[in-house]
Every structure is written in C-alpha cells, then in structure tokens.
>>> print(open('query.cif').read())   # mmCIF, C-alpha atoms
data_entry
loop_
_atom_site.label_atom_id
_atom_site.label_comp_id
_atom_site.auth_asym_id
_atom_site.auth_seq_id
_atom_site.Cartn_x
_atom_site.Cartn_y
_atom_site.Cartn_z
CA MET A 220 1.66 -10.44 14.40
CA ASP A 221 2.45 -8.48 17.52
CA ALA A 222 1.30 -5.12 18.83
CA SER A 223 4.34 -3.05 17.81
CA GLY A 224 3.42 -2.49 14.15
CA LEU A 225 7.14 -2.88 13.38
CA PRO A 226 8.96 -5.84 11.80
CA VAL A 227 9.74 -8.71 14.18
CA GLU A 228 9.92 -11.84 12.01
CA ARG A 229 13.32 -13.48 12.13
CA SER A 230 12.83 -16.81 10.37
CA ILE A 231 11.55 -17.91 6.96
CA ARG A 232 10.51 -21.29 8.41
CA PRO A 233 6.85 -20.35 9.10
CA TYR A 234 6.50 -19.10 5.53
CA LEU A 235 7.89 -22.33 4.09
CA THR A 236 5.62 -24.41 6.35
CA GLY A 237 2.66 -22.26 5.28
CA LEU A 238 3.57 -22.64 1.61
CA GLY A 239 3.82 -26.43 1.91
CA LEU A 240 0.52 -26.83 3.79
CA ALA A 241 -1.30 -24.35 1.52
CA PHE A 242 0.01 -26.18 -1.55
CA ILE A 243 -1.31 -29.53 -0.27
CA LEU A 244 -4.68 -28.01 0.69
CA THR A 245 -4.94 -26.45 -2.80
CA ALA A 246 -3.77 -29.51 -4.73
CA ILE A 247 -6.35 -31.86 -3.13
CA PRO A 248 -9.53 -29.99 -4.22
CA PHE A 249 -8.09 -29.06 -7.64
CA ALA A 250 -7.13 -32.69 -8.29
CA LEU A 251 -10.58 -33.93 -7.22
CA VAL A 252 -12.33 -31.46 -9.52
CA ALA A 253 -9.99 -32.25 -12.43
CA THR A 254 -10.40 -36.04 -12.15
CA HIS A 255 -14.09 -36.19 -11.12
CA ALA A 256 -12.98 -39.00 -8.79
CA LEU A 257 -15.83 -38.50 -6.30
CA THR A 258 -19.49 -37.50 -6.40
CA ARG A 259 -20.41 -33.82 -6.71
CA LEU A 260 -21.58 -33.51 -3.10
CA THR A 261 -18.50 -35.21 -1.61
CA THR A 262 -16.24 -33.01 -3.75
CA LEU A 263 -18.04 -29.85 -2.58
CA VAL A 264 -17.66 -30.88 1.06
CA ILE A 265 -13.94 -31.57 0.60
CA ILE A 266 -13.48 -28.20 -1.19
CA ALA A 267 -15.15 -26.44 1.77
CA VAL A 268 -13.08 -28.28 4.40
CA ALA A 269 -9.80 -27.68 2.50
CA ALA A 270 -10.66 -23.97 2.11
CA ILE A 271 -11.36 -23.51 5.83
CA LEU A 272 -8.16 -25.37 6.75
CA GLN A 273 -6.14 -23.34 4.24
CA ILE A 274 -7.51 -20.04 5.58
CA LEU A 275 -6.45 -21.15 9.09
CA VAL A 276 -2.99 -22.04 7.70
CA HIS A 277 -2.71 -18.56 6.18
CA PHE A 278 -3.78 -16.94 9.47
CA ARG A 279 -1.20 -18.92 11.41
CA PHE A 280 1.85 -19.02 9.14
CA PHE A 281 1.53 -15.86 6.99
CA LEU A 282 -0.27 -13.43 9.30
CA HIS A 283 1.25 -15.04 12.44
CA ILE A 284 -1.99 -14.92 14.37
CA GLY A 285 -1.74 -16.70 17.69
CA PHE A 286 -3.81 -16.57 20.86
CA ARG A 287 -0.75 -15.49 22.86
CA SER A 288 1.22 -13.35 20.37
CA THR A 289 -1.63 -11.42 18.74
CA PRO A 290 -2.97 -8.44 20.73
CA TRP A 291 -6.33 -9.00 22.35
CA GLU A 292 -7.88 -6.02 20.49
CA ASN A 293 -6.99 -7.52 17.11
CA LEU A 294 -8.55 -10.87 18.05
CA VAL A 295 -11.72 -9.11 19.25
CA ALA A 296 -11.92 -7.17 15.96
CA MET A 297 -11.55 -10.48 14.09
CA ALA A 298 -14.23 -12.19 16.17
CA PHE A 299 -16.58 -9.24 15.68
CA ALA A 300 -16.02 -9.28 11.90
CA ALA A 301 -16.61 -13.05 11.87
CA ILE A 302 -19.93 -12.64 13.73
CA LEU A 303 -21.05 -9.89 11.33
CA ILE A 304 -20.09 -12.06 8.35
CA VAL A 305 -22.00 -15.08 9.69
CA PHE A 306 -25.12 -12.98 10.37
CA MET A 307 -25.08 -11.03 7.10
CA VAL A 308 -24.04 -13.85 4.74
CA GLY A 309 -26.21 -16.44 6.51
CA GLY A 310 -29.15 -14.04 6.63
CA THR A 311 -28.78 -13.07 2.97
CA LEU A 312 -28.67 -16.67 1.78
CA TRP A 313 -31.54 -17.69 4.07
CA ILE A 314 -33.84 -14.85 2.97
CA MET A 315 -33.01 -14.97 -0.74
CA PHE A 316 -33.28 -18.74 -1.14
CA ASP A 317 -36.45 -18.82 0.97
CA LEU A 318 -37.91 -16.09 -1.24
CA HIS A 319 -36.84 -17.98 -4.35
CA TYR A 320 -38.50 -21.16 -3.04
CA ARG A 321 -41.78 -19.38 -2.22
CA MET A 322 -41.90 -17.61 -5.60
CA MET A 323 -41.48 -20.95 -7.38
CA VAL A 324 -44.30 -22.72 -5.50
CA MET B 160 -3.59 -0.96 22.89
CA THR B 161 -1.45 -2.96 25.23
CA ALA B 162 2.11 -1.70 25.05
CA GLY B 163 4.01 -4.94 25.72
CA GLY B 164 7.65 -5.15 26.69
CA SER B 165 8.68 -5.96 23.11
CA THR B 166 7.56 -2.55 21.90
CA THR B 167 9.63 -0.54 24.34
CA THR B 168 12.89 -2.49 24.18
CA GLU B 169 13.74 -1.50 20.61
CA THR B 170 12.71 2.14 20.79
CA GLY B 171 16.19 3.50 21.48
CA SER B 172 16.12 7.26 21.12
CA VAL B 173 12.71 7.28 19.43
CA PRO B 174 10.13 8.88 21.72
CA VAL B 175 7.48 6.59 23.15
CA SER B 176 4.77 8.60 21.36
CA ALA B 177 6.24 7.59 17.96
CA THR B 178 6.17 3.90 18.95
CA ARG B 179 2.55 4.28 20.00
CA THR B 180 1.77 5.78 16.59
CA TYR B 181 2.96 2.59 14.85
CA GLU B 182 0.90 0.46 17.22
CA GLU B 183 -2.19 2.54 16.56
CA ARG B 184 -1.67 2.53 12.80
CA ALA B 185 -1.21 -1.25 12.75
CA PHE B 186 -4.41 -1.66 14.76
CA GLY B 187 -6.29 0.86 12.59
CA PHE B 188 -5.16 -0.97 9.48
CA TRP B 189 -6.35 -4.24 10.99
CA ILE B 190 -9.82 -2.69 11.51
CA TYR B 191 -9.78 -1.64 7.84
CA LEU B 192 -8.91 -5.21 6.78
CA MET B 193 -11.78 -6.60 8.86
CA SER B 194 -14.26 -4.20 7.21
CA ASP B 195 -12.81 -5.15 3.83
CA ALA B 196 -13.42 -8.81 4.73
CA ILE B 197 -17.09 -7.93 5.33
CA ILE B 198 -17.30 -6.26 1.89
CA PHE B 199 -15.92 -9.41 0.29
CA ALA B 200 -18.21 -11.67 2.36
CA LEU B 201 -21.24 -9.79 1.04
CA LEU B 202 -19.94 -9.94 -2.55
CA PHE B 203 -19.63 -13.72 -2.03
CA ALA B 204 -23.20 -13.86 -0.70
CA THR B 205 -24.40 -11.89 -3.75
CA TYR B 206 -22.51 -14.25 -6.06
CA VAL B 207 -24.07 -17.37 -4.50
CA VAL B 208 -27.58 -15.82 -4.68
CA MET B 209 -26.98 -14.92 -8.35
CA LEU B 210 -25.46 -18.30 -9.33
CA GLY B 211 -28.59 -19.57 -11.08
CA ASN B 212 -29.52 -16.26 -12.72
CA THR B 213 -27.71 -16.84 -16.01
CA ALA B 214 -30.57 -15.43 -18.13
CA GLY B 215 -29.93 -18.07 -20.79
CA GLY B 216 -26.29 -16.99 -21.01
CA PRO B 217 -23.14 -19.01 -20.35
CA THR B 218 -22.55 -20.68 -16.98
CA GLY B 219 -19.35 -21.06 -15.01
CA ARG B 220 -18.79 -24.52 -16.45
CA GLU B 221 -18.54 -23.04 -19.97
CA LEU B 222 -16.49 -20.00 -18.97
CA PHE B 223 -14.04 -20.99 -16.22
CA SER B 224 -10.72 -22.71 -16.82
CA LEU B 225 -9.36 -24.92 -14.07
CA GLU B 226 -5.81 -24.53 -15.43
CA ARG B 227 -6.02 -20.74 -15.35
CA ALA B 228 -7.49 -20.70 -11.81
CA GLY B 229 -4.72 -23.09 -10.70
CA ALA B 230 -2.00 -20.89 -12.21
CA GLU B 231 -3.48 -17.77 -10.59
CA THR B 232 -3.63 -19.59 -7.25
CA ALA B 233 0.02 -20.67 -7.55
CA LEU B 234 1.18 -17.14 -8.42
CA LEU B 235 -0.64 -15.53 -5.48
CA LEU B 236 0.45 -18.21 -3.00
CA LEU B 237 4.08 -17.86 -4.08
CA SER B 238 3.83 -14.05 -3.89
CA SER B 239 2.52 -14.32 -0.32
CA THR B 240 5.54 -16.48 0.54
CA THR B 241 8.03 -14.14 -1.13
CA PHE B 242 6.50 -11.19 0.75
CA GLY B 243 7.19 -13.21 3.90
CA PHE B 244 10.86 -13.45 2.83
CA ALA B 245 10.86 -9.65 2.39
CA SER B 246 9.45 -9.30 5.94
CA VAL B 247 12.23 -11.48 7.34
CA ALA B 248 14.85 -9.42 5.43
CA LEU B 249 13.18 -6.28 6.81
CA ALA B 250 13.51 -7.52 10.41
CA ALA B 251 17.20 -8.20 9.65
CA SER B 252 17.56 -4.68 8.13
CA ASP B 253 18.87 -6.26 4.92
CA ARG B 254 17.99 -3.55 2.40
CA PRO B 255 19.07 -5.29 -0.87
CA ARG B 256 17.16 -8.45 0.12
CA VAL B 257 14.03 -6.45 0.99
CA LEU B 258 14.11 -4.80 -2.44
CA GLN B 259 14.82 -8.10 -4.17
CA TRP B 260 11.92 -9.97 -2.54
CA LEU B 261 9.52 -7.04 -2.99
CA ALA B 262 10.41 -7.02 -6.70
CA VAL B 263 9.73 -10.78 -6.94
CA THR B 264 6.41 -10.31 -5.10
CA ALA B 265 5.36 -7.49 -7.45
CA ALA B 266 6.33 -9.58 -10.49
CA LEU B 267 4.25 -12.56 -9.27
CA GLY B 268 1.34 -10.18 -8.57
CA LEU B 269 1.62 -8.76 -12.09
CA GLY B 270 1.57 -12.31 -13.47
CA PHE B 271 -1.65 -12.96 -11.56
CA LEU B 272 -3.16 -9.71 -12.81
CA PHE B 273 -2.20 -10.51 -16.40
CA LEU B 274 -3.98 -13.91 -16.23
CA GLU B 275 -7.06 -12.32 -14.65
CA LEU B 276 -7.33 -9.46 -17.16
CA ASP B 277 -6.80 -11.95 -19.99
CA GLU B 278 -9.70 -14.02 -18.60
CA PHE B 279 -11.93 -10.93 -18.28
CA SER B 280 -11.19 -9.66 -21.79
CA GLY B 281 -11.73 -13.16 -23.22
CA MET B 282 -15.12 -13.39 -21.49
CA ILE B 283 -16.17 -9.92 -22.63
CA ALA B 284 -15.06 -10.76 -26.20
CA GLN B 285 -17.41 -13.79 -26.23
CA GLU B 286 -20.39 -11.73 -25.08
CA ALA B 287 -20.04 -12.90 -21.47
CA GLY B 288 -19.35 -9.50 -19.90
CA PRO B 289 -20.89 -8.18 -16.69
CA ASP B 290 -23.93 -6.92 -18.62
CA ARG B 291 -24.88 -10.42 -19.90
CA SER B 292 -26.63 -11.79 -16.78
CA GLY B 293 -27.05 -11.36 -13.04
CA PHE B 294 -24.63 -14.24 -12.57
CA LEU B 295 -21.92 -12.51 -14.62
CA SER B 296 -22.56 -9.13 -12.93
CA ALA B 297 -21.95 -10.79 -9.56
CA PHE B 298 -18.90 -12.65 -10.90
CA PHE B 299 -17.24 -9.49 -12.24
CA ALA B 300 -18.13 -7.53 -9.10
CA LEU B 301 -16.56 -10.15 -6.81
CA VAL B 302 -13.48 -11.21 -8.78
CA GLY B 303 -13.00 -7.67 -10.15
CA THR B 304 -12.98 -6.18 -6.64
CA HIS B 305 -10.27 -8.65 -5.65
CA GLY B 306 -8.32 -7.83 -8.83
CA LEU B 307 -8.61 -4.13 -8.04
CA HIS B 308 -7.19 -4.80 -4.57
CA VAL B 309 -4.28 -6.74 -6.11
CA SER B 310 -3.62 -3.81 -8.50
CA VAL B 311 -3.56 -1.36 -5.58
CA GLY B 312 -1.30 -3.78 -3.68
CA ILE B 313 1.19 -3.90 -6.58
CA LEU B 314 1.17 -0.11 -6.82
CA TRP B 315 1.78 0.08 -3.06
CA ILE B 316 4.69 -2.39 -3.36
CA LEU B 317 6.27 -0.20 -6.07
CA VAL B 318 5.79 2.92 -3.93
CA MET B 319 7.39 1.16 -0.95
CA MET B 320 10.32 -0.07 -3.07
CA THR B 321 10.94 3.57 -4.02
CA GLN B 322 10.73 4.60 -0.36
CA VAL B 323 13.19 1.85 0.63
CA LEU B 324 15.56 3.05 -2.12
CA VAL B 325 15.27 6.74 -1.28
CA LYS B 326 14.70 6.79 2.48
CA GLY B 327 16.19 3.46 3.52
CA LEU B 328 14.69 1.14 6.13
CA THR B 329 13.66 3.85 8.56
CA ARG B 330 11.06 3.06 11.21
CA PRO B 331 8.19 4.80 9.39
CA VAL B 332 9.09 2.91 6.19
CA ALA B 333 9.38 -0.38 8.09
CA SER B 334 6.00 0.13 9.76
CA ARG B 335 4.41 0.81 6.34
CA LEU B 336 5.94 -2.40 4.98
CA VAL B 337 4.43 -4.32 7.91
CA ARG B 338 0.97 -2.98 7.05
CA LEU B 339 1.51 -3.69 3.35
CA GLY B 340 2.38 -7.28 4.36
CA LEU B 341 -0.92 -7.63 6.24
CA PHE B 342 -2.74 -6.34 3.13
CA TRP B 343 -0.94 -8.69 0.74
CA HIS B 344 -1.46 -11.82 2.88
CA PHE B 345 -5.11 -10.81 3.36
CA LEU B 346 -5.63 -10.73 -0.43
CA ASP B 347 -4.32 -14.28 -0.72
CA ILE B 348 -6.87 -15.42 1.90
CA ILE B 349 -9.68 -13.80 -0.14
CA TRP B 350 -8.38 -15.64 -3.21
CA VAL B 351 -8.61 -19.00 -1.37
CA ALA B 352 -12.32 -18.24 -0.87
CA ILE B 353 -12.68 -17.19 -4.54
CA PHE B 354 -11.26 -20.38 -6.02
CA SER B 355 -13.18 -22.50 -3.48
CA ILE B 356 -16.54 -20.78 -4.05
CA VAL B 357 -16.35 -19.53 -7.65
CA TYR B 358 -13.96 -21.60 -9.76
CA LEU B 359 -13.90 -25.13 -8.27
CA PRO B 360 -17.69 -25.53 -7.77
CA GLY B 361 -18.17 -23.76 -11.12
CA VAL B 362 -16.33 -26.40 -13.14
CA ILE B 363 -17.33 -29.59 -11.26
#
>>> encode(input="query.cif", output="structure tokens")
Amino acid sequence: MDASGLPVERSIRPYLTGLGLAFILTAIPFALVATHALTRLTTLVIIAVAAILQILVHFRFFLHIGFRSTPWENLVAMAFAAILIVFMVGGTLWIMFDLHYRMMV
Amino acid sequence: MTAGGSTTTETGSVPVSATRTYEERAFGFWIYLMSDAIIFALLFATYVVMLGNTAGGPTGRELFSLERAGAETALLLLSSTTFGFASVALAASDRPRVLQWLAVTAALGLGFLFLELDEFSGMIAQEAGPDRSGFLSAFFALVGTHGLHVSVGILWILVMMTQVLVKGLTRPVASRLVRLGLFWHFLDIIWVAIFSIVYLPGVI
C-alpha cells in the first residue's frame, strides 16, 4: 500500500507467496483439530500462533503493509486501533470473567 | 498526508488537487477499516464472554462442521488472491483481465456466502437460531456481521465491474477498485480470526 490511493502493484508474486504461506498456516491448525494429535491446550496455543502469523502474512502480502512503503499516517491509525482493541477486548474479558468468578464463589 | 514522489509522477494532465483527493479517500477508507476492526474485536470479545452461556442448548461442538469451515476458509483465501490478480491487471490497465478476475472473486465470494447461509439456515432449522441462547446470539452477531460485510463486498464488486465496463479504467474507477481491494483483503483477515476463535476451538 502506498499513499497515492491509485493502483501500483505490478507483480502477482506477493499474492502467490501470501497464498502459499496462508495455506500452510491454515492447514496446520485444521489438521491438528481434525486428528486430535495433541492435547487441547497445546492445540489452542498453536491455533493462536498460526492465526497471528497468518494475519501478519495477510498484512504483508495482500495489503502490502511495510514500514517503508506504507504512509506514516496509516501505520499510526493501525497502531491506535490496535491499542484500542487491546484495551477494550482485554478489559471486557478481564471484567466479565472476574465478575463470573465472584458470582460463582 | 505525505505526497511522495510516486504520486506526482503519474499525474500527467490531472490537476494535483484530484491526486490529493485519491490520497485522502484512501486514507479516509483506511480509518473506516480500522474502526470496523474495533467493531469486530468487540463482537469477538462478546462471543468469548458468551461461550459458556448455552442455556442448556447446543454447543459449538454439536453445531460446527470442520469441513464446512475449511471450505469457507479456502474460498475466501482464494478470492483474496484472485482480487490481487485483478489489482495487478488494474495497474497494467488490462481491462478484460480486471473484469475476469473480479468475476472470479465475486463467484468465490458467492460460494462462501452460500456455505454460510446454508449453515445458518441449518442451525435455525434445528432450533439453534440466535434466540436459543446467549452463546448463539453472540455467534450469529459475530459471524453474521462478517457475512453481511462479504455480501456488501460482492455487491460492490458487481457495481465496480459495471463501472469498468461502462466507464473504463479511469482514475476515479481505479481509485475505487484500490479501496475495494483493501476492503476485500480486510474481510479475509477477519475470517482468519473467526475460524481461529469460533470454529477451531469450538470443535476441539
């Protein structure tokens, strides 16, 4: 992604790389869940790691986000959204599960 | 906005103000996507809070199909890739290719939507609709909101295909296709979170 808002991509290579990496990062957790090869906790951790890696792959190869190519303003907007998400999702889960725990006692 | 060298080299006879408009619209659209990401993040938080509130009704393990989630994932991932091919054709001003890849993208999106609506109607038919439990309300709110976005995305692709046919690859049309691309790739990222938080943990 660049600042122009107009098409600039000239090669399908990044898309093919992204497709390949995303496929691998999807196949691993699906296969683990289908085969029950590992314990529940280990599987959940691997699902989380694969999801985070895949989202980064999508950012890089489909949305073409890069520290040099992407405008500073767009990166700041992303960072701000990420902070809001961490606060609001983390806060929601913290409060609701704490409340749940206290109601059960 | 920083107007880099790349934005002024291709302007030709187009006034600088028009180029700035595309920059501003792309940035404005990016702000919209970030706020949309926050909406989805909170729907995810609601879903996780509601996970245990099944009210004696069916759980994810009984309702979700790993095969269906896998097929939906494949369709969306492929559609994101084919939209990328359309973007490359757009940069090369190859009008037939742009139309061709947009049509493939819309078809893959419709396939996804068909699988999702089939899942929803199957769940509602077996008394597992959004009114059954807090868990199912949260499930339909989250996955339904994503499905609604995909529907709007498909509609937007069809509108843009018409614009490419009628108006050609003019700069306003090209800039709209760039923003549509951001939207479509964004929806695939949300889906990665949906299958990783809803479907996979649901069927373990």
>>> closest_residue(input="query.cif", among="A:Ile271, A:Leu251, A:Phe278, A:Leu257", to="A:Gly237", atoms="all atoms listed in the file")
A:Phe278
>>> residues_around(input="query.cif", residues="B:Asp253", least_positions_apart="3", cutoff="12 Å", atoms="all atoms listed in the file", output="ChimeraX atom specification")
/A:229 /B:244-250,256-260,323,327-329,333
>>> closest_residue(input="query.cif", among="B:Leu269, B:Leu295, B:Ala204, B:Ala300", to="B:Leu314", atoms="only C-alpha atoms")
B:Leu269
>>> closest_atom_pairs(input="query.cif", of="chain B", to="chain A", cutoff="6 Å", atoms="all atoms listed in the file", output="Markdown table")
| residue | atom | partner | partner_atom | distance |
| --- | --- | --- | --- | --- |
| B:Thr166 | CA | A:Ser223 | CA | 5.2 |
| B:Tyr181 | CA | A:Gly224 | CA | 5.1 |
| B:Glu182 | CA | A:Gly224 | CA | 4.9 |
| B:Ala185 | CA | A:Gly224 | CA | 5.0 |
| B:Met193 | CA | A:Ala300 | CA | 5.9 |
| B:Ile197 | CA | A:Ile304 | CA | 5.9 |
| B:Ala204 | CA | A:Val308 | CA | 5.5 |
| B:Thr240 | CA | A:Tyr234 | CA | 5.7 |
| B:Val247 | CA | A:Glu228 | CA | 5.2 |
| B:Ala250 | CA | A:Pro226 | CA | 5.0 |
| B:Ser334 | CA | A:Leu225 | CA | 4.8 |
| B:Ile348 | CA | A:Ile274 | CA | 5.9 |
| B:Ile363 | CA | A:Val252 | CA | 5.6 |
>>> residues_around(input="query.cif", residues="B:Leu222", least_positions_apart="5", cutoff="10 Å", atoms="all atoms listed in the file", output="list in words")
Pro217, Glu278, Gly281, Met282, Gln285, Ala287, Tyr358, Gly361 and Val362 of chain B
>>> atom_distance(input="query.cif", atom1="atom CA of B:Gly215", atom2="atom CA of B:Ala230")
29.4 Å
>>> atom_distance(input="query.cif", atom1="atom CA of B:Ser176", atom2="atom CA of B:Tyr191")
22.3 Å
>>> residues_around(input="query.cif", residues="B:Ala266", least_positions_apart="4", cutoff="12 Å", atoms="all atoms listed in the file", output="list in words")
Leu234, Leu235, Leu237, Ser238, Ser239, Thr241, Phe242, Gln259, Trp260, Leu261, Ala262, Gly270, Phe271, Leu272, Phe273, Val309, Ser310, Gly312, Ile313, Leu314, Ile316 and Leu317 of chain B
>>> atom_distance(input="query.cif", atom1="atom CA of B:Leu339", atom2="atom CA of B:Arg254")
16.5 Å
>>> axis_aligned_box(input="query.cif", around="stretch 275-285 of chain A", padding_each_side="8 Å", output="lines of an AutoDock Vina configuration file")
center_x = -2.3
center_y = -17.7
center_z = 11.9
size_x = 24.3
size_y = 24.6
size_z = 27.5
>>> decode(input="query.cif", residues="stretch 202-284 of chain B", atoms="C-alpha atoms", output="CSV table (one decimal), in the first residue's frame")
chain,number,residue,atom,x,y,z
B,202,LEU,CA,-18.0,-8.8,18.8
B,203,PHE,CA,-15.2,-11.3,19.3
B,204,ALA,CA,-15.0,-10.2,23.0
B,205,THR,CA,-18.8,-10.6,23.4
B,206,TYR,CA,-18.6,-14.1,21.8
B,207,VAL,CA,-15.8,-15.3,24.2
B,208,VAL,CA,-17.7,-13.9,27.2
B,209,MET,CA,-20.9,-15.7,26.0
B,210,LEU,CA,-19.2,-19.0,25.1
B,211,GLY,CA,-20.4,-20.8,28.2
B,212,ASN,CA,-23.9,-19.3,28.2
B,213,THR,CA,-25.6,-22.1,26.2
B,214,ALA,CA,-28.7,-22.2,28.4
B,215,GLY,CA,-28.9,-26.0,28.0
B,216,GLY,CA,-28.9,-25.6,24.2
B,217,PRO,CA,-26.4,-27.0,21.7
B,218,THR,CA,-22.7,-26.1,21.9
B,219,GLY,CA,-20.2,-25.4,19.1
B,220,ARG,CA,-19.0,-28.9,19.2
B,221,GLU,CA,-22.5,-30.2,18.2
B,222,LEU,CA,-23.2,-27.4,15.7
B,223,PHE,CA,-19.9,-26.6,13.8
B,224,SER,CA,-18.5,-28.6,10.9
B,225,LEU,CA,-14.8,-28.5,10.4
B,226,GLU,CA,-15.2,-29.4,6.7
B,227,ARG,CA,-17.6,-26.5,6.1
B,228,ALA,CA,-15.3,-24.0,8.0
B,229,GLY,CA,-12.3,-25.4,5.9
B,230,ALA,CA,-14.2,-24.9,2.6
B,231,GLU,CA,-15.3,-21.4,3.6
B,232,THR,CA,-11.7,-20.6,4.5
B,233,ALA,CA,-10.4,-21.9,1.2
B,234,LEU,CA,-13.0,-19.9,-0.8
B,235,LEU,CA,-12.2,-16.6,1.0
B,236,LEU,CA,-8.4,-17.1,0.8
B,237,LEU,CA,-8.6,-17.9,-2.9
B,238,SER,CA,-10.9,-14.9,-3.5
B,239,SER,CA,-8.4,-12.6,-1.7
B,240,THR,CA,-5.7,-14.0,-4.1
B,241,THR,CA,-7.8,-13.5,-7.2
B,242,PHE,CA,-8.6,-9.9,-6.2
B,243,GLY,CA,-4.8,-9.4,-6.0
B,244,PHE,CA,-4.6,-10.7,-9.6
B,245,ALA,CA,-7.3,-8.1,-10.5
B,246,SER,CA,-5.2,-5.4,-8.8
B,247,VAL,CA,-2.1,-6.3,-10.9
B,248,ALA,CA,-4.2,-6.3,-14.1
B,249,LEU,CA,-5.5,-2.9,-13.0
B,250,ALA,CA,-2.0,-1.5,-12.6
B,251,ALA,CA,-1.3,-2.8,-16.1
B,252,SER,CA,-4.5,-1.2,-17.4
B,253,ASP,CA,-5.6,-4.6,-18.7
B,254,ARG,CA,-9.4,-4.2,-18.8
B,255,PRO,CA,-10.5,-7.7,-19.8
B,256,ARG,CA,-8.3,-9.2,-17.2
B,257,VAL,CA,-9.6,-6.9,-14.5
B,258,LEU,CA,-13.1,-7.9,-15.3
B,259,GLN,CA,-12.2,-11.6,-15.5
B,260,TRP,CA,-10.5,-11.7,-12.1
B,261,LEU,CA,-13.2,-9.5,-10.5
B,262,ALA,CA,-15.8,-12.0,-11.8
B,263,VAL,CA,-13.8,-15.0,-10.3
B,264,THR,CA,-13.5,-13.1,-7.0
B,265,ALA,CA,-17.3,-12.4,-6.9
B,266,ALA,CA,-18.0,-16.1,-7.7
B,267,LEU,CA,-15.7,-17.3,-4.9
B,268,GLY,CA,-17.4,-14.8,-2.5
B,269,LEU,CA,-20.8,-16.1,-3.5
B,270,GLY,CA,-19.6,-19.7,-2.9
B,271,PHE,CA,-18.6,-18.6,0.6
B,272,LEU,CA,-21.9,-16.8,1.2
B,273,PHE,CA,-23.8,-19.9,0.0
B,274,LEU,CA,-22.0,-22.2,2.5
B,275,GLU,CA,-22.5,-19.7,5.4
B,276,LEU,CA,-26.3,-19.1,4.7
B,277,ASP,CA,-26.7,-22.9,4.4
B,278,GLU,CA,-25.0,-23.3,7.8
B,279,PHE,CA,-27.2,-20.6,9.3
B,280,SER,CA,-30.5,-22.0,7.9
B,281,GLY,CA,-29.5,-25.5,9.0
B,282,MET,CA,-28.9,-24.2,12.6
B,283,ILE,CA,-32.1,-22.3,12.7
B,284,ALA,CA,-34.0,-25.3,11.4
